[in-house]
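Here is the structure we will look at, set down as structure tokens.
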Number of protein chains: 2
Amino acid sequence: MPKYVNIYHELAQRIQEGTLPAETKLPSETELMHEFEASRGTVRKAIDALQEKGFVRKHQGKGVFVLSQEAIEFQFNGIVSFSEAHRRMGRHTVETDVLSCEVLSASAELASLLHVAQGTDVTRIERIRQIDGERVIRDINHFVTALVPGLTTDIAQGSIYQYIEETLGRQISYAKRKIEARPATMEDQERLDLHDMTHVIVVTNDTYFYEGQHFERTESRHRLDKFQFTDIARR
Amino acid sequence: MPKYVNIYHELAQRIQEGTLPAETKLPSETELMHEFEASRGTVRKAIDALQEKGFVRKHQGKGVFVLSQEAIEFQFNGIVSFSEAHRRMGRHTVETDVLSCEVLSASAELASLLHVAQGTDVTRIERIRQIDGERVIRDINHFVTALVPGLTTDIAQGSIYQYIEETLGRQISYAKRKIEARPATMEDQERLDLHDMTHVIVVTNDTYFYEGQHFERTESRHRLDKFQFTDIARR
DNA sequence: AAAGATTTGTCCGTATGTATA
DNA sequence: CTATACATACGGACAAATCTT
């Protein structure tokens, strides 16, 4: 592991333990150089990483200050899958039913959305998520089969992202999200326990690999009262 | 301006102009060193910034590759105010009515949310946003008065963030957002044109200064069919 | 108010390691 | 195996912002 990563971990740990409390100043770069027997550039790289992750804030001429723990806890933005998201919340029963998992030929519309040629093989997966016994989320995934081969019902039952990253060894880079409310369709009413709610919240997700290939478009349809999205925006 | 920023701007411009098209490789660090008469570290810092902004992707041993224009256009995440957001969308009439702008004493609940002592002065602003003549958004802001002094109805009519950054000269660092659907309250029904819609989408926003001070909590209540949120998540 | 010390920001040059072609 | 390209690390110099004397 690179030296600056070790320094980063060491400092991050001190901050999380409280050895370096919020509002206090980090040792100066010169002091850290001596403590870790590293060059100034290496120490600076570690501190830059700490700032990137929201642990500290640098001020020219003043020093480096530890930010509040609260700011640090909010690092769980990024791409969050359904199961990841609910593990964080309170105790809930979560169950996934895979309704279908099939390879089909991309229509003109879908091909355009996924940036592939019409007729390209696409794997379509439809899943229902039950929380505490109620069917409240309906996920419809479309994967470019050539980029994400070997999908099965079994995999869809668990975490598809885990399969992509660990089994296929591909790295996910970024996702574009759109969140909006839409009138519930007939299919939504059939497959979800909507009670008398007339709308659903639709989260449209386009996900890209590190190399920039667009490999997925997913529509996630949520019952109004079971939807929540949390996020942190930096600038 | 620092040298690496100049190099960054120059390369970013070439990418946006198409002089460096997507999928192609950037000149190597050695070549850029000669072209810009800069050291390797300086060139690397510029390239790192390009990658941070989503223009390029670095690959050890291979080179630096320009990403698609589409990926680049999606840089407008971050903290987006109402008026900024609608300038981007199509042609719409947007009007803001300031219902109230008053300083009050923080209740126990509000004080806890804003991390201040109970009884601290808080400026409360309530605004209605009309799009194409329909009242569809209701914003309720709470600012810590000591941190954001001098707010008036006139300022609330325009952009409060612009006032904070330009007039007060303070830098906004990050915002925590929560998006969820809630049953419409009586006040929502009075002050918005909800027609028969029973729910609103509530965006709760907590905003922090660069120094880490929590200065604002805002609730933005949207009519279901006029809400849309777009965002890009990197990891 | 001015001078000096401290701390972070930028830039340079060099050397070596690691992944890829 | 060799060459290329990016990654890491070191050391030194000066600039800019801030704090102390």
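Ordering of the structure tokens sets the chain letters (A, B, ...), residue numbers begin anew at 1 in every chain, and ligands are numbered from 1 in the order given.
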
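Any residue of chain D with an atom no more than 10 Å from chain A counts as a contact; using only C-alpha atoms (C1' of nucleotides), that gives DA7, DT8, DA9, DC10, DG11, DA16, DA17, DT18 and DC19 of chain D.
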
- [ ] Could you list the residues in chain A lying within 9 Å of chain B, using only C-alpha atoms, and format the result as JSON, numbers by chain?
- [x] {"A": [57, 67, 68, 71, 74, 77, 78, 79, 172, 173, 174, 175, 176, 177, 178, 179, 180, 181, 182, 183, 197, 198, 199, 201, 210, 211, 212, 224, 225, 226, 227, 228, 229, 230, 231, 232, 233, 234, 235]}

Open item on the list: Can you work out which residues from chain C touch chain B at a cut-off of 10 Å (counting only C-alpha atoms (C1' of nucleotides)) and hand them back as a ChimeraX atom specification?
Closed with: /C:9-13,18-21

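Using only C-alpha atoms, the smallest distance between any of B:Lys25, B:His115, B:His214, B:Arg135 and Leu147 of chain B comes from B:His214.
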
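When only C-alpha atoms are used to measure the gap to Pro149 of chain B, the shortest distance among B:Val98, B:Ile164, B:Ala117, B:Leu192 belongs to B:Ile164.
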
TODO: From the DSSP assignment of the backbone, select every residue of segment 80-158 of chain B that is strand (DSSP E or B), and format the answer as a count of residues only.
DONE: 34

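Counting from atom CA of Ala146 of chain B, the distance to atom CA of Glu102 of chain B is 13.7 Å.
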
TODO: For atom CA of Leu26 of chain B and atom CA of Leu50 of chain A, determine how far apart the two atoms are, in Å to one decimal place.
DONE: 28.8 Å

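In this model, the gap between atom CA of Ala184 of chain B and atom CA of Val136 of chain A comes to 20.4 Å.
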
Open item on the list: Quick check for you: according to DSSP on this backbone, which residues of chain B are classed as alpha helix (DSSP H)? Reply as a ChimeraX atom specification.
Closed with: /B:3-17,29-36,40-52,69-73,82-88,108-114,153-157,160-162,186-191
